[in-house]
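K.L.:
Here it is, the structure in full.
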Number of protein chains: 2
Amino acid sequence: MDVRSLCLGVLSLGDASGYEIKKAFEEGALSHIHAASFGSIYPALGALVDDGLAVMREVEQEKRPDKRVYSITPAGRQALRRALNGDPTADKIRSDFLFGIFFAQELTPDELARRIDRRIDWYRQALEQMRSCAEENDATLPPGPRFTRGLGEAVYCAALDYLEANRDHLLEEVAARSRMVAE
Amino acid sequence: MDVRSLCLGVLSLGDASGYEIKKAFEEGALSHIHAASFGSIYPALGALVDDGLAVMREVEQEKRPDKRVYSITPAGRQALRRALNGDPTADKIRSDFLFGIFFAQELTPDELARRIDRRIDWYRQALEQMRSCAEENDATLPPGPRFTRGLGEAVYCAALDYLEANRDHLLEEVAARSRMVAE
DNA sequence: CCTGCATATATTGGTTCGATATATGCTGGA
DNA sequence: TCCAGCATATATCGAACCAATATATGCAGG
């Protein structure tokens with residue numbers, strides 16, 4: 001899925017500027033699903049306009065830089081549907097956190113504990129946000145977003161439970177191992 | 001985390017060729033954690049040798065192309081430790097699957113069902129593999145890999161349960177919505 | 001027999017990232 | 001009060017990275 005299609009997806013939910021599209025991948029429901037950077041979003045929006053898949057209008061703002069607000073066109077909606085119906089590629093996960101935990105014995109015990117605790121905090125916050133969002137408007141959410149929200153909640157909840165249940169055990173094991181090596 | 005550090009991580013587990021490093025990110029425990037392509041692995045290995053963080057030896061093979069097997073050096077181990085102890089960047093998730101489900105109403109009902117069923121199969125296979133691996137040698141695994149394996153199992157299990165429990169409901173909702181629009 | 005897969009390295013075009021530049025207003029702490 | 005830092009907003013650029021392909025060989029299955 002290229003950035004052009006990702007932008008079309010966001011635009012299908014409503015008009016947006018490049019900056020707002022970025023925010024959708026950083027804060028909103030999409031943030032747990034996909035990502036894109038400015039360096040690819042702005043060229044992608046230009047290309048969408050060139051291809052007639054989106055239109056742009058400039059919006060003057062007081063006390064803010066001007067906006068370039070993009071809207072999806074009927075051709076854009078068709079292109080989005082085509083892109084979505086193509087064979088989805090496998091998920092791409094790149095987690096420095098997990099990579100670090102995998103090599104736990106190369107980390108200092110303090111650093112290891114700090115990382116797990118941070119991650120636990122992160123999951124708690126993410127879950128809180130997801131749940132407050134659910135309380136507010138879960139019934140009004142379209143089925144797709146509601147389903148992915150529920151799946152995200154289930155997955156984060158399982159991860160949080162596991163981290164809380166196994167944190168101390170991991171730290172003990174790593175400590176025991178380094179004692180063994182020292183002998 | 002750049003590809004050079006990822007390669008050092010794999011090499012810290014034992015000598016390997018570029019091809020074997022790629023496999024580690026495609027099949028092994030690392031496959032659920034991080035990724036790297038040939039186009040970045042081969043140049044990275046060259047750079048590691050240039051910097052004295054790894055050494056290369058050519059291994060002639062009968063009935064197979066020759067191998068270039070890389071070994072991590074003490075300086076390489078130190079560089080790995082430095083890289084691991086740096087502040088980990090946030091996880092990067094890019095899931096065409098979730099992106100497609102988010103826009104469920106843009107998919108044909110058949111396509112939607114097919115995707116979820118495929119994903120269910122995928123999780124079942126992944127879990128089966130993880131569990132058989134655990135039965136064989138969980139006790140002999142270092143604490144880090146055992147922890148990430150357990151976390152992966154917990155997360156995949158939760159995702160599988162959610163998909164199985166909510167699949168039919170999602171399909172009904174999407175069907176109901178498209179009936180509503182048609183009226 | 002022959003298609004396709006596994007092993008193995010390498011390259012290349014194109015995509016994407018991450019950091020930075022530029023400009024302005026608001027807010028909170030010293 | 002001042003000013004550092006953050007939010008808004010667009011844009012660019014070098015570096016990193018991916019996906020596909022080329023090349024070569026052997027083996028297994030239909």
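Identifiers for the structure tokens are assigned positionally: chains receive A, B, ... in sequence, residues are indexed from 1 per chain, and ligands are indexed from 1 in the order shown.
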Got a sec to pull out which chain A residues are within 10 Å of chain D, counting only C-alpha atoms (C1' of nucleotides), and send them as a PyMOL selection string?

P.N.:
chain A and resi 17-20+38-39+42-43+63-68

K.L.:
With 7 Å as the limit and counting only C-alpha atoms, what residues in chain A lie close to chain B? Please list them as a PyMOL selection string.

P.N.:
chain A and resi 1+32-35+81+84-85+88-89+91-104+106-107+143-145+148+151+154-155+158-159+162+170+173-174

K.L.:
Quick one: residues within 12 Å of Val49 in chain A, only C-alpha atoms (C1' of nucleotides) counted, chain neighbours fewer than 5 positions away excluded, as JSON, numbers by chain?

P.N.:
{"A": [4, 7, 8, 42, 43, 44, 54, 55, 56, 57, 68, 69, 70, 71, 72, 73, 75, 76]}

K.L.:
Give the residues of chain C that lie within 9 Å of chain B; count only C-alpha atoms (C1' of nucleotides), and format the answer as an MDAnalysis selection string.

P.N.:
chainID C and resid 7:11

K.L.:
Could you check how far CA of Ile116 in chain B sits from CA of Glu164 in chain B, in Å to one decimal?

P.N.:
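Interatomic distance here is 8.8 Å.
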
K.L.:
From a DSSP pass on the backbone, collect the residues of range 100-134 of chain A flagged as alpha helix (DSSP H) and hand them back as a list in words.

P.N.:
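Result set for range 100-134 of chain A (alpha helix (DSSP H)): Gly100, Ile101, Phe102, Pro109, Asp110, Glu111, Leu112, Ala113, Arg114, Arg115, Ile116, Asp117, Arg118, Arg119, Ile120, Asp121, Trp122, Tyr123, Arg124, Gln125, Ala126, Leu127, Glu128, Gln129, Met130, Arg131, Ser132, Cys133 and Ala134 of chain A.
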
K.L.:
What is the CA of Ser132 in chain A to CA of Ala175 in chain B distance in Å?

P.N.:
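Answer for the CA of Ser132 in chain A to CA of Ala175 in chain B separation: 27.5 Å.
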
K.L.:
Among chain A, which ones does DSSP place in strand (DSSP E or B), written as number ranges by chain?

P.N.:
A: 16, 54-59, 67-72, 92-94

K.L.:
Residues of the last selection are to be written out with N, CA and C atoms, as a tab-separated table (two decimals), in the first residue's frame.

P.N.:
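Final file, result-v3.tsv:
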```tsv
chain	number	residue	atom	x	y	z
A	16	ALA	N	-9.00	17.20	4.12
A	16	ALA	CA	-7.89	17.37	5.06
A	16	ALA	C	-6.69	18.00	4.36
A	54	ALA	N	-7.81	13.81	-6.55
A	54	ALA	CA	-8.13	14.75	-5.47
A	54	ALA	C	-8.09	16.16	-6.04
A	55	VAL	N	-8.77	17.08	-5.37
A	55	VAL	CA	-8.68	18.50	-5.74
A	55	VAL	C	-8.22	19.29	-4.52
A	56	MET	N	-7.55	20.42	-4.79
A	56	MET	CA	-6.99	21.22	-3.71
A	56	MET	C	-7.60	22.61	-3.73
A	57	ARG	N	-7.88	23.15	-2.55
A	57	ARG	CA	-8.25	24.57	-2.46
A	57	ARG	C	-7.44	25.20	-1.33
A	58	GLU	N	-7.05	26.44	-1.54
A	58	GLU	CA	-6.28	27.13	-0.51
A	58	GLU	C	-7.22	27.80	0.47
A	59	VAL	N	-6.96	27.63	1.73
A	59	VAL	CA	-7.78	28.24	2.77
A	59	VAL	C	-6.93	29.20	3.57
A	67	LYS	N	-3.67	27.10	4.69
A	67	LYS	CA	-3.85	25.66	4.52
A	67	LYS	C	-4.06	25.33	3.06
A	68	ARG	N	-3.65	24.13	2.69
A	68	ARG	CA	-4.05	23.59	1.39
A	68	ARG	C	-4.90	22.38	1.67
A	69	VAL	N	-6.19	22.54	1.52
A	69	VAL	CA	-7.13	21.48	1.89
A	69	VAL	C	-7.47	20.64	0.67
A	70	TYR	N	-7.34	19.33	0.82
A	70	TYR	CA	-7.58	18.40	-0.29
A	70	TYR	C	-8.90	17.66	-0.10
A	71	SER	N	-9.58	17.42	-1.23
A	71	SER	CA	-10.83	16.65	-1.23
A	71	SER	C	-10.69	15.50	-2.22
A	72	ILE	N	-11.23	14.36	-1.86
A	72	ILE	CA	-11.20	13.21	-2.77
A	72	ILE	C	-12.25	13.40	-3.85
A	92	LYS	N	4.02	-5.31	8.22
A	92	LYS	CA	5.43	-4.99	8.47
A	92	LYS	C	5.56	-4.45	9.89
A	93	ILE	N	6.21	-5.21	10.72
A	93	ILE	CA	6.44	-4.80	12.11
A	93	ILE	C	7.91	-4.47	12.28
A	94	ARG	N	8.21	-3.32	12.84
A	94	ARG	CA	9.59	-2.96	13.16
A	94	ARG	C	9.59	-2.41	14.57
```

K.L.:
What is the CA of Glu135 in chain A to CA of Glu27 in chain A distance in Å?

P.N.:
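That distance, rounded to one decimal, is 18.0 Å.
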